[in-house]
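Undergrad: Input coords.csv, format and content: CSV, C-alpha atoms.
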chain,number,residue,atom,x,y,z
C,1,MET,CA,-100.4,51.1,71.9
C,2,SER,CA,-102.3,53.7,69.9
C,3,LYS,CA,-102.0,53.9,66.1
C,4,ARG,CA,-100.4,57.3,66.4
C,5,ASN,CA,-97.7,55.9,68.7
C,6,ARG,CA,-97.0,53.0,66.4
C,7,LYS,CA,-96.6,55.4,63.5
C,8,PHE,CA,-94.3,57.6,65.5
C,9,ARG,CA,-92.1,54.6,66.5
C,10,ALA,CA,-92.0,53.4,62.9
C,11,GLN,CA,-90.9,56.8,61.7
C,12,ALA,CA,-88.2,57.0,64.4
C,13,ALA,CA,-86.9,53.5,63.5
C,14,LEU,CA,-86.7,54.5,59.8
C,15,ARG,CA,-84.8,57.7,60.7
C,16,LEU,CA,-82.4,55.7,62.8
C,17,ILE,CA,-81.8,53.2,60.0
C,18,ALA,CA,-81.3,56.0,57.5
C,19,ALA,CA,-78.8,57.7,59.9
C,20,ILE,CA,-76.9,54.5,60.3
C,21,LEU,CA,-76.8,53.8,56.6
C,22,GLY,CA,-75.8,57.4,55.9
C,23,GLY,CA,-73.0,57.1,58.4
C,24,VAL,CA,-71.8,53.8,56.9
C,25,LEU,CA,-71.8,55.4,53.4
C,26,ILE,CA,-69.8,58.4,54.6
C,27,PHE,CA,-67.4,56.2,56.4
C,28,CYS,CA,-66.9,54.1,53.2
C,29,LEU,CA,-66.4,57.2,51.0
C,30,LEU,CA,-63.9,58.7,53.4
C,31,THR,CA,-62.0,55.4,53.6
C,32,ARG,CA,-61.9,55.2,49.8
C,33,LEU,CA,-60.8,58.8,49.5
C,34,LEU,CA,-58.0,58.6,52.0
C,35,GLN,CA,-56.6,55.2,50.9
C,36,PRO,CA,-53.5,55.7,48.8
C,37,LYS,CA,-54.0,55.2,45.0
C,38,TYR,CA,-51.5,53.6,42.7
C,39,TYR,CA,-51.5,54.5,39.0
C,40,TYR,CA,-48.6,53.6,36.8
C,41,CYS,CA,-48.4,56.9,35.0
C,42,LEU,CA,-48.0,58.8,38.2
C,43,GLU,CA,-44.8,59.3,40.0
C,44,GLY,CA,-45.2,56.3,42.2
C,45,ARG,CA,-44.7,54.0,39.2
C,46,SER,CA,-47.0,51.3,40.6
C,47,PRO,CA,-50.3,50.1,39.0
C,48,GLU,CA,-52.2,48.3,41.8
C,49,THR,CA,-55.2,50.6,41.9
C,50,GLU,CA,-55.7,50.5,38.2
C,51,PHE,CA,-54.8,46.8,38.1
C,52,TRP,CA,-57.7,45.9,40.4
C,53,GLN,CA,-60.1,48.2,38.5
C,54,SER,CA,-59.2,46.4,35.3
C,55,PHE,CA,-59.5,43.0,36.9
C,56,TYR,CA,-62.9,43.4,38.5
C,57,GLU,CA,-64.3,44.8,35.2
C,58,LEU,CA,-63.4,41.6,33.3
C,59,PRO,CA,-66.3,39.4,32.3
C,60,ARG,CA,-66.3,36.3,34.3
C,61,ASP,CA,-64.6,33.2,32.8
C,62,SER,CA,-63.2,35.3,30.0
C,63,ARG,CA,-59.4,34.8,30.3
C,64,ASP,CA,-57.5,31.9,28.8
C,65,VAL,CA,-54.1,32.8,30.1
C,66,ILE,CA,-53.0,34.6,33.3
C,67,PHE,CA,-49.5,36.1,33.6
C,68,LEU,CA,-48.3,36.3,37.3
C,69,GLY,CA,-45.3,38.2,38.5
C,70,SER,CA,-43.8,41.6,39.3
C,71,SER,CA,-43.1,44.7,37.3
C,72,HIS,CA,-41.0,42.5,35.0
C,73,ILE,CA,-44.3,41.1,33.7
C,74,TYR,CA,-46.4,44.2,33.6
C,75,ASN,CA,-43.7,46.0,31.6
C,76,ALA,CA,-43.0,43.1,29.3
C,77,VAL,CA,-46.3,41.3,28.3
C,78,ASP,CA,-49.1,43.1,26.4
C,79,PRO,CA,-52.3,40.9,26.7
C,80,VAL,CA,-54.0,42.9,23.9
C,81,GLN,CA,-51.2,42.1,21.5
C,82,TYR,CA,-51.0,38.6,22.8
C,83,GLU,CA,-54.7,37.9,22.0
C,84,ALA,CA,-54.3,39.5,18.5
C,85,LEU,CA,-51.5,37.1,17.8
C,86,THR,CA,-52.8,33.9,19.4
C,87,GLY,CA,-56.6,34.3,19.7
C,88,LEU,CA,-56.1,33.6,23.5
C,89,THR,CA,-57.5,36.1,26.0
C,90,ALA,CA,-55.0,37.0,28.7
C,91,PHE,CA,-54.5,39.3,31.7
C,92,ASP,CA,-51.3,40.5,33.5
C,93,MET,CA,-52.0,39.7,37.1
C,94,ALA,CA,-48.8,41.5,38.0
C,95,THR,CA,-48.0,43.9,40.8
C,96,SER,CA,-44.9,45.7,42.0
C,97,ASN,CA,-42.4,43.5,44.0
C,98,GLN,CA,-44.8,40.5,43.8
C,99,ASP,CA,-43.2,37.7,45.8
C,100,MET,CA,-44.5,34.1,45.7
C,101,SER,CA,-46.9,34.6,48.6
C,102,VAL,CA,-48.6,37.5,46.7
C,103,SER,CA,-48.6,35.4,43.5
C,104,TYR,CA,-50.4,32.6,45.3
C,105,TYR,CA,-53.1,34.8,46.8
C,106,LEU,CA,-53.7,36.7,43.6
C,107,LEU,CA,-54.1,33.4,41.8
C,108,LYS,CA,-56.6,32.3,44.4
C,109,GLU,CA,-58.6,35.6,43.9
C,110,CYS,CA,-58.3,35.2,40.1
C,111,LEU,CA,-59.9,31.7,40.3
C,112,THR,CA,-63.0,33.1,42.0
C,113,ARG,CA,-63.8,34.9,38.8
C,114,GLN,CA,-61.8,33.3,36.0
C,115,SER,CA,-61.1,29.8,34.8
C,116,PRO,CA,-57.9,30.0,32.8
C,117,ASP,CA,-56.4,27.1,30.9
C,118,ALA,CA,-52.8,28.3,31.6
C,119,VAL,CA,-50.9,30.3,34.1
C,120,VAL,CA,-47.4,31.8,33.3
C,121,LEU,CA,-45.4,32.7,36.4
C,122,ASP,CA,-42.3,34.8,36.3
C,123,ALA,CA,-39.4,33.4,38.3
C,124,TYR,CA,-38.3,36.8,39.7
C,125,GLY,CA,-40.5,36.1,42.8
C,126,LEU,CA,-38.1,33.3,43.6
C,127,GLU,CA,-35.3,35.8,44.0
C,128,MET,CA,-37.2,37.8,46.5
C,129,THR,CA,-37.5,37.4,50.3
C,130,THR,CA,-41.1,36.5,51.1
C,131,PHE,CA,-43.0,39.0,53.3
C,132,GLY,CA,-40.1,41.5,52.7
C,133,LYS,CA,-42.0,44.8,52.9
C,134,SER,CA,-45.3,45.7,54.6
C,135,SER,CA,-45.7,48.3,51.9
C,136,THR,CA,-45.9,45.5,49.3
C,137,TYR,CA,-48.8,44.0,51.1
C,138,LYS,CA,-50.7,47.3,51.5
C,139,ARG,CA,-50.1,48.4,47.9
C,140,THR,CA,-51.2,45.0,46.6
C,141,PHE,CA,-54.1,44.0,48.8
C,142,ASP,CA,-55.7,47.2,50.1
C,143,ASP,CA,-57.7,47.7,46.8
C,144,MET,CA,-58.6,44.0,46.6
C,145,HIS,CA,-62.2,43.1,47.3
C,146,TRP,CA,-62.9,41.3,50.5
C,147,SER,CA,-62.7,37.5,50.0
C,148,ALA,CA,-61.2,34.3,51.4
C,149,ALA,CA,-58.0,35.1,49.5
C,150,LYS,CA,-57.6,38.5,51.1
C,151,ILE,CA,-58.3,37.2,54.6
C,152,GLY,CA,-55.7,34.5,53.9
C,153,ALA,CA,-53.2,37.1,52.8
C,154,ILE,CA,-53.7,39.2,55.9
C,155,ARG,CA,-53.4,36.1,58.1
C,156,ASP,CA,-50.0,35.1,56.5
C,157,TRP,CA,-48.6,38.6,56.3
C,158,MET,CA,-49.7,39.9,59.7
C,159,PRO,CA,-46.8,38.3,61.7
C,160,HIS,CA,-44.3,40.0,59.4
C,161,MET,CA,-45.8,43.6,59.5
C,162,GLU,CA,-44.6,45.3,62.6
C,163,GLY,CA,-47.2,47.4,64.4
C,164,GLU,CA,-50.0,46.2,62.1
C,165,THR,CA,-53.2,44.7,63.4
C,166,TRP,CA,-56.3,43.2,61.9
C,167,ILE,CA,-58.3,46.3,62.6
C,168,THR,CA,-56.0,48.6,60.6
C,169,ARG,CA,-56.2,46.2,57.7
C,170,ILE,CA,-60.0,46.0,57.9
C,171,LEU,CA,-60.6,49.6,58.7
C,172,THR,CA,-57.7,51.2,56.6
C,173,ILE,CA,-58.9,54.7,57.4
C,174,LEU,CA,-57.2,54.2,60.8
C,175,ASP,CA,-53.9,53.8,58.9
C,176,TYR,CA,-54.4,56.6,56.3
C,177,HIS,CA,-56.5,59.2,58.2
C,178,GLY,CA,-53.6,61.6,58.1
C,179,ARG,CA,-53.5,61.8,54.3
C,180,TRP,CA,-55.8,64.8,54.1
C,181,GLU,CA,-53.0,67.2,53.1
C,182,GLU,CA,-51.7,64.7,50.5
C,183,LEU,CA,-54.9,64.3,48.5
C,184,THR,CA,-54.6,64.9,44.7
C,185,ALA,CA,-56.9,64.7,41.7
C,186,ALA,CA,-56.1,61.0,41.5
C,187,ASP,CA,-57.8,60.5,44.8
C,188,LEU,CA,-61.0,62.1,43.6
C,189,ASP,CA,-61.2,60.5,40.1
C,190,GLY,CA,-58.6,58.0,39.0
C,191,ARG,CA,-60.0,57.3,35.6
C,192,PRO,CA,-57.8,59.8,33.8
C,193,TYR,CA,-54.7,58.1,35.2
C,194,VAL,CA,-55.5,54.6,34.1
C,195,THR,CA,-52.7,53.3,31.7
C,196,SER,CA,-53.2,49.6,32.2
C,197,ARG,CA,-54.3,47.5,29.2
C,198,LEU,CA,-55.4,44.3,30.9
C,199,GLY,CA,-52.6,44.7,33.5
C,200,PHE,CA,-50.0,45.8,31.0
C,201,CYS,CA,-48.1,49.0,31.9
C,202,PRO,CA,-46.1,50.2,28.9
C,203,SER,CA,-43.1,52.4,29.6
C,204,ASP,CA,-41.7,54.9,27.1
C,205,GLU,CA,-38.5,55.4,28.9
C,206,THR,CA,-35.2,54.3,27.2
C,207,ALA,CA,-32.2,53.0,29.1
C,208,ALA,CA,-29.0,55.0,28.6
C,209,SER,CA,-27.1,51.9,27.8
C,210,ILE,CA,-27.4,48.1,28.2
C,211,THR,CA,-24.4,45.7,28.1
C,212,TYR,CA,-25.3,42.0,28.0
C,213,ASP,CA,-23.5,38.9,26.8
C,214,GLY,CA,-25.8,36.1,28.1
C,215,VAL,CA,-26.8,35.1,31.7
C,216,ALA,CA,-24.2,36.5,34.1
C,217,GLU,CA,-21.9,34.0,35.7
C,218,ASP,CA,-21.7,34.0,39.5
C,219,ALA,CA,-18.5,34.0,41.4
C,220,GLY,CA,-20.0,32.9,44.7
C,221,GLU,CA,-22.1,30.0,46.0
C,222,PRO,CA,-25.2,28.7,44.3
C,223,PHE,CA,-28.3,30.9,44.8
C,224,ALA,CA,-30.5,29.7,47.7
C,225,ILE,CA,-34.2,30.4,47.2
C,226,ASP,CA,-36.0,31.7,50.3
C,227,PRO,CA,-37.8,28.6,51.9
C,228,GLU,CA,-41.1,30.5,52.1
C,229,ALA,CA,-40.8,31.3,48.4
C,230,VAL,CA,-40.4,27.5,47.8
C,231,ARG,CA,-43.4,26.7,50.0
C,232,TYR,CA,-45.7,29.2,48.2
C,233,PHE,CA,-44.4,28.0,44.8
C,234,GLY,CA,-45.5,24.5,45.8
C,235,LEU,CA,-48.9,25.9,46.8
C,236,ILE,CA,-49.2,27.5,43.4
C,237,VAL,CA,-48.3,24.3,41.7
C,238,GLU,CA,-50.9,22.4,43.8
C,239,LEU,CA,-53.6,24.9,43.1
C,240,CYS,CA,-53.0,24.8,39.4
C,241,ARG,CA,-53.1,21.0,39.4
C,242,GLN,CA,-56.3,21.0,41.4
C,243,GLU,CA,-57.9,23.3,38.9
C,244,GLY,CA,-56.5,21.6,35.8
C,245,ILE,CA,-54.4,24.6,34.8
C,246,ALA,CA,-51.2,24.3,32.9
C,247,LEU,CA,-48.4,26.1,34.8
C,248,THR,CA,-45.3,27.4,33.1
C,249,LEU,CA,-42.3,29.1,34.9
C,250,ILE,CA,-40.4,31.7,32.9
C,251,LYS,CA,-37.9,34.5,33.4
C,252,THR,CA,-38.6,37.6,31.5
C,253,PRO,CA,-35.7,39.5,30.0
C,254,ASP,CA,-33.6,41.0,32.9
C,255,THR,CA,-29.9,41.7,32.5
C,256,ALA,CA,-29.4,41.4,36.2
C,257,TRP,CA,-30.6,37.7,36.3
C,258,THR,CA,-27.8,35.4,36.9
C,259,ALA,CA,-26.8,31.8,36.1
C,260,ALA,CA,-27.1,30.8,39.7
C,261,LYS,CA,-30.6,32.1,40.0
C,262,SER,CA,-31.6,30.5,36.8
C,263,GLU,CA,-30.2,27.2,37.9
C,264,ALA,CA,-32.0,27.4,41.2
C,265,ALA,CA,-35.3,28.2,39.4
C,266,ALA,CA,-34.8,25.4,36.9
C,267,ALA,CA,-34.1,22.9,39.7
C,268,LEU,CA,-37.2,23.9,41.6
C,269,ALA,CA,-39.3,23.7,38.5
C,270,ALA,CA,-37.9,20.3,37.6
C,271,GLU,CA,-38.7,19.0,41.1
C,272,TYR,CA,-42.3,19.8,40.6
C,273,GLY,CA,-42.4,18.8,36.9
C,274,ILE,CA,-43.1,22.3,35.7
C,275,PRO,CA,-41.5,23.6,32.4
C,276,TYR,CA,-39.1,26.5,32.8
C,277,THR,CA,-37.8,28.9,30.2
C,278,ASP,CA,-35.1,31.5,30.8
C,279,TYR,CA,-35.4,34.3,28.2
C,280,ASN,CA,-32.0,35.5,29.4
C,281,ALA,CA,-30.1,32.5,28.2
C,282,ALA,CA,-27.3,33.0,25.7
C,283,GLY,CA,-28.7,33.9,22.3
C,284,ALA,CA,-32.2,34.5,23.7
C,285,TYR,CA,-32.1,38.3,23.2
C,286,GLU,CA,-31.1,37.8,19.6
C,287,ARG,CA,-33.9,35.4,18.9
C,288,ILE,CA,-36.4,37.7,20.5
C,289,GLY,CA,-35.0,40.6,18.5
C,290,LEU,CA,-34.1,42.8,21.5
C,291,ALA,CA,-31.6,45.5,20.7
C,292,ALA,CA,-29.3,47.2,23.2
C,293,ALA,CA,-30.8,50.2,25.1
C,294,GLU,CA,-33.7,51.0,22.7
C,295,ASP,CA,-35.8,48.1,24.0
C,296,TRP,CA,-35.1,48.6,27.7
C,297,ARG,CA,-36.6,50.9,30.3
C,298,ASN,CA,-33.7,50.0,32.6
C,299,GLU,CA,-31.5,46.9,33.1
C,300,ASN,CA,-34.3,44.9,34.7
C,301,HIS,CA,-37.4,46.0,32.6
C,302,LEU,CA,-38.4,46.2,29.0
C,303,ASN,CA,-39.9,49.4,27.6
C,304,ARG,CA,-42.9,49.6,25.2
C,305,CYS,CA,-40.7,48.7,22.2
C,306,GLY,CA,-39.1,45.7,24.0
C,307,ALA,CA,-42.5,44.5,25.2
C,308,GLU,CA,-43.9,44.4,21.7
C,309,LYS,CA,-41.0,42.2,20.6
C,310,PHE,CA,-41.2,40.0,23.7
C,311,THR,CA,-44.9,39.5,23.5
C,312,GLN,CA,-44.7,38.6,19.8
C,313,PHE,CA,-41.9,36.1,20.6
C,314,ILE,CA,-43.8,34.3,23.4
C,315,ALA,CA,-47.0,34.3,21.4
C,316,PHE,CA,-45.4,31.9,19.0
C,317,HIS,CA,-43.0,30.0,21.4
C,318,LEU,CA,-44.6,29.8,24.8
C,319,HIS,CA,-47.4,27.3,23.9
As structure tokens, how would this structure be written, given the file I've shared?

TA:
Amino acid sequence: MSKRNRKFRAQAALRLIAAILGGVLIFCLLTRLLQPKYYYCLEGRSPETEFWQSFYELPRDSRDVIFLGSSHIYNAVDPVQYEALTGLTAFDMATSNQDMSVSYYLLKECLTRQSPDAVVLDAYGLEMTTFGKSSTYKRTFDDMHWSAAKIGAIRDWMPHMEGETWITRILTILDYHGRWEELTAADLDGRPYVTSRLGFCPSDETAASITYDGVAEDAGEPFAIDPEAVRYFGLIVELCRQEGIALTLIKTPDTAWTAAKSEAAAALAAEYGIPYTDYNAAGAYERIGLAAAEDWRNENHLNRCGAEKFTQFIAFHLH
């Protein structure tokens, strides 16, 4: 082969490689553009996009305490305030409707980058039906980097997501290609929408009224925790023990939390030898300093004022 032909073939190969790389780049950009974004300050009231942005920007091995749970946590615990009071760095690894399977896989992902001494898990996930909504999976895991934890989450969720396949979860553009007409400024540049402070999403809403006289009594049968929630709780306990992490189960302030649910959570925690504290027990709101209405976003969630009081309280009573 002549020198000229070799040069021509080399140039052709380089052009082909450049074209392939360009195509891959365009595909990735389109995938990112069309994938739904979740910013707490927008109408969707869900922080998963900004949550993952905040998490992956953390310096490695920089967190002492991880808070796991649903919106009950991300509305109630301010890691910035918590660190100022305790000297312990923290992060709210909380997502909307976080059931125990989600908590487990988020903890697994967390431990690829962080080595916390303590994990605080909210018990609300024990109330939920595991794998209840495919939207919960998509909202939580679509923005998560590819890892063994994400693959495990897809594997466990797939049988419960009707019509979903591995290919749609790997190439999400197949799921979201029709979003062209829904694109907003948040899809182009989400930074102006980030409200999260290390996972904390403060709310300035105030409930119209709150009536509460201690954990509500149940007229019916004892609360039965979803067996899958029990299984994943056990996996969380096992993972924490393997990593030498102190696990604590709590229930954040929530006026809809009942005595039966609290008793079921307490019994499960006792079975595994895990401490459990219900901050809805009689007299707890008074000790925390929560006042009716002004400290609540709604009956289930604290607002910014309530979160400040709750964070201050657990800073001095949790450890």

Undergrad: Just how far from atom CA of Leu126 of chain C is atom CA of Gly289 of chain C, in Å to one decimal?

TA: 26.3 Å

Undergrad: Do a neighbour search on segment 303-307 of chain C at 12 Å with only C-alpha atoms, toss out local chain neighbours closer than 2 positions, and write the hits as JSON, numbers by chain.

TA: {"C": [71, 72, 73, 74, 75, 76, 77, 78, 79, 80, 81, 82, 200, 201, 202, 203, 204, 205, 206, 207, 252, 253, 254, 285, 288, 289, 290, 291, 292, 293, 294, 295, 296, 297, 298, 299, 300, 301, 309, 310, 311, 312, 313, 314, 315]}

Undergrad: Can you work out which one of C:Leu174, C:Ala264, C:Ala259, C:Leu111 has the shortest atom-to-atom distance to Gln242 of chain C, counting only C-alpha atoms?

TA: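 Distance minimum relative to Gln242 of chain C lands on C:Leu111.
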
Undergrad: In Å, rounded to a single decimal, give me how far atom CA of Ala149 of chain C is from atom CA of Tyr105 of chain C.

TA: 5.6 Å

Undergrad: If you measure from atom CA of Leu106 of chain C to atom CA of Ile167 of chain C, what distance in Å do you get, rounded to one decimal?

TA: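 That distance, rounded to one decimal, is 21.8 Å.
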
Undergrad: Compile a residue-level contact table for segment 66-117 of chain C against segment 243-250 of chain C at a cut-off of 10 Å, reporting for every qualifying residue the shortest atom pair and its distance in Å to one decimal, with all atoms listed in the file counted, rows ordered by chain and ascending number, as CSV.

TA:
residue,atom,partner,partner_atom,distance
C:Ile66,CA,C:Leu247,CA,9.8
C:Phe67,CA,C:Thr248,CA,9.7
C:Leu68,CA,C:Leu249,CA,9.7
C:Gly69,CA,C:Ile250,CA,9.9
C:Leu111,CA,C:Glu243,CA,8.7
C:Ser115,CA,C:Glu243,CA,8.3
C:Pro116,CA,C:Ile245,CA,6.7
C:Asp117,CA,C:Ile245,CA,5.0

Undergrad: If you count all atoms listed in the file, which residues fall within 10 Å of Ala266 of chain C, apart from same-chain ones fewer than 5 positions away, as a VMD selection string?

TA: chain C and resid 123 249 to 250 260 to 261 271 274 to 278

Undergrad: With 3 Å of padding per side, what axis-aligned box (centre and edge lengths, Å, one decimal) covers all the listed atoms of segment 96-108 of chain C? Give it as lines of an AutoDock Vina configuration file.

TA:
center_x = -49.5
center_y = 39.0
center_z = 45.2
size_x = 20.2
size_y = 19.4
size_z = 12.8

Undergrad: Between C:Glu238, C:Asp226, C:Glu263, C:Asp187, which is the closest to Leu34 of chain C once you count only C-alpha atoms?

TA: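 For Leu34 of chain C, the nearest of the candidates is C:Asp187.
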
Undergrad: Nearest to Gly44 of chain C: which of C:Val102, C:Ile154, C:Met93, C:Ala186 is it, counting all atoms listed in the file?

TA: C:Ala186

Undergrad: Write out as a list in words each polymer residue whose atoms come within 9 Å of Glu228 of chain C, counting all atoms listed in the file; drop sequence neighbours fewer than 4 positions from it.

TA: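 My list of contacting residues is Met100, Ser101, Thr129, Thr130, Phe131, Tyr232 and Phe233 of chain C.
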
Undergrad: Which residue gives the smallest distance to Trp157 of chain C among C:Glu48, C:Glu308, C:Asp99, C:Glu221, with all atoms listed in the file counted?

TA: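 The shortest atom-to-atom distance to Trp157 of chain C comes from C:Asp99.
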
Undergrad: Using all atoms listed in the file - which residues lie no farther than 10 Å from the point (-50.4, 55.6, 40.1) in the file's frame? Write them as a list in words.

TA: Pro36, Lys37, Tyr38, Tyr39, Tyr40, Cys41, Leu42, Glu43, Gly44, Arg45, Ser46, Pro47, Glu48, Thr49, Glu50, Ala186, Gly190, Tyr193, Val194 and Thr195 of chain C

Undergrad: Next, the residues of the selection above should be written as a tab-separated table (two decimals), in the frame of the given file with C-alpha atoms.

TA:
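again.tsv was written with the following content:
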chain	number	residue	atom	x	y	z
C	36	PRO	CA	-53.50	55.70	48.80
C	37	LYS	CA	-54.00	55.20	45.00
C	38	TYR	CA	-51.50	53.60	42.70
C	39	TYR	CA	-51.50	54.50	39.00
C	40	TYR	CA	-48.60	53.60	36.80
C	41	CYS	CA	-48.40	56.90	35.00
C	42	LEU	CA	-48.00	58.80	38.20
C	43	GLU	CA	-44.80	59.30	40.00
C	44	GLY	CA	-45.20	56.30	42.20
C	45	ARG	CA	-44.70	54.00	39.20
C	46	SER	CA	-47.00	51.30	40.60
C	47	PRO	CA	-50.30	50.10	39.00
C	48	GLU	CA	-52.20	48.30	41.80
C	49	THR	CA	-55.20	50.60	41.90
C	50	GLU	CA	-55.70	50.50	38.20
C	186	ALA	CA	-56.10	61.00	41.50
C	190	GLY	CA	-58.60	58.00	39.00
C	193	TYR	CA	-54.70	58.10	35.20
C	194	VAL	CA	-55.50	54.60	34.10
C	195	THR	CA	-52.70	53.30	31.70

Undergrad: Pick from C:Arg139, C:Arg15, C:Lys251, C:Arg241: nearest to Ala118 of chain C, with only C-alpha atoms counted?

TA: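 Residue with the minimum atom-to-atom distance to Ala118 of chain C: C:Arg241.
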
Undergrad: Using all atoms listed in the file, list the residues that have an atom at most 9 Å from (-56.6, 43.2, 49.5), coordinates as in the file, as a list in words.

TA: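 Here the neighbourhood of the point contains Tyr137, Lys138, Arg139, Thr140, Phe141, Asp142, Asp143, Met144, His145, Trp146, Ser147, Ala149, Lys150, Ile151, Ala153, Ile154 and Arg169 of chain C.
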
Undergrad: Measuring between only C-alpha atoms, which one of C:Glu181, C:Ile170, C:Ala282, C:Glu127 shows the shortest distance to Phe223 of chain C?

TA: C:Glu127

Undergrad: Could you add N, CA and C atoms to segment 252-266 of chain C and give me the result as a short mmCIF file (atom, residue, chain, number, x, y, z; two decimals), in the coordinates of the input?

TA:
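Output saved as result.cif:
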data_model
loop_
_atom_site.label_atom_id
_atom_site.label_comp_id
_atom_site.auth_asym_id
_atom_site.auth_seq_id
_atom_site.Cartn_x
_atom_site.Cartn_y
_atom_site.Cartn_z
N THR C 252 -38.57 36.55 32.49
CA THR C 252 -38.60 37.60 31.50
C THR C 252 -37.21 38.21 31.32
N PRO C 253 -36.98 38.89 30.21
CA PRO C 253 -35.70 39.50 30.00
C PRO C 253 -35.31 40.47 31.17
N ASP C 254 -34.10 40.27 31.70
CA ASP C 254 -33.60 41.00 32.90
C ASP C 254 -32.12 40.81 32.92
N THR C 255 -31.38 41.86 32.59
CA THR C 255 -29.90 41.70 32.50
C THR C 255 -29.24 41.44 33.80
N ALA C 256 -29.94 41.63 34.91
CA ALA C 256 -29.40 41.40 36.20
C ALA C 256 -29.61 39.91 36.67
N TRP C 257 -30.39 39.15 35.92
CA TRP C 257 -30.60 37.70 36.30
C TRP C 257 -29.37 36.96 36.03
N THR C 258 -29.04 36.09 36.98
CA THR C 258 -27.80 35.40 36.90
C THR C 258 -27.92 33.90 36.66
N ALA C 259 -26.81 33.27 36.32
CA ALA C 259 -26.80 31.80 36.10
C ALA C 259 -27.22 31.05 37.31
N ALA C 260 -26.73 31.48 38.48
CA ALA C 260 -27.10 30.80 39.70
C ALA C 260 -28.56 30.84 40.01
N LYS C 261 -29.16 32.01 39.80
CA LYS C 261 -30.60 32.10 40.00
C LYS C 261 -31.38 31.30 39.03
N SER C 262 -30.92 31.30 37.79
CA SER C 262 -31.60 30.50 36.80
C SER C 262 -31.52 29.02 37.07
N GLU C 263 -30.35 28.59 37.52
CA GLU C 263 -30.20 27.20 37.90
C GLU C 263 -31.06 26.77 39.04
N ALA C 264 -31.17 27.65 40.02
CA ALA C 264 -32.00 27.40 41.20
C ALA C 264 -33.49 27.29 40.76
N ALA C 265 -33.92 28.21 39.90
CA ALA C 265 -35.30 28.20 39.40
C ALA C 265 -35.57 26.94 38.58
N ALA C 266 -34.60 26.58 37.74
CA ALA C 266 -34.80 25.40 36.90
C ALA C 266 -34.86 24.13 37.74
#
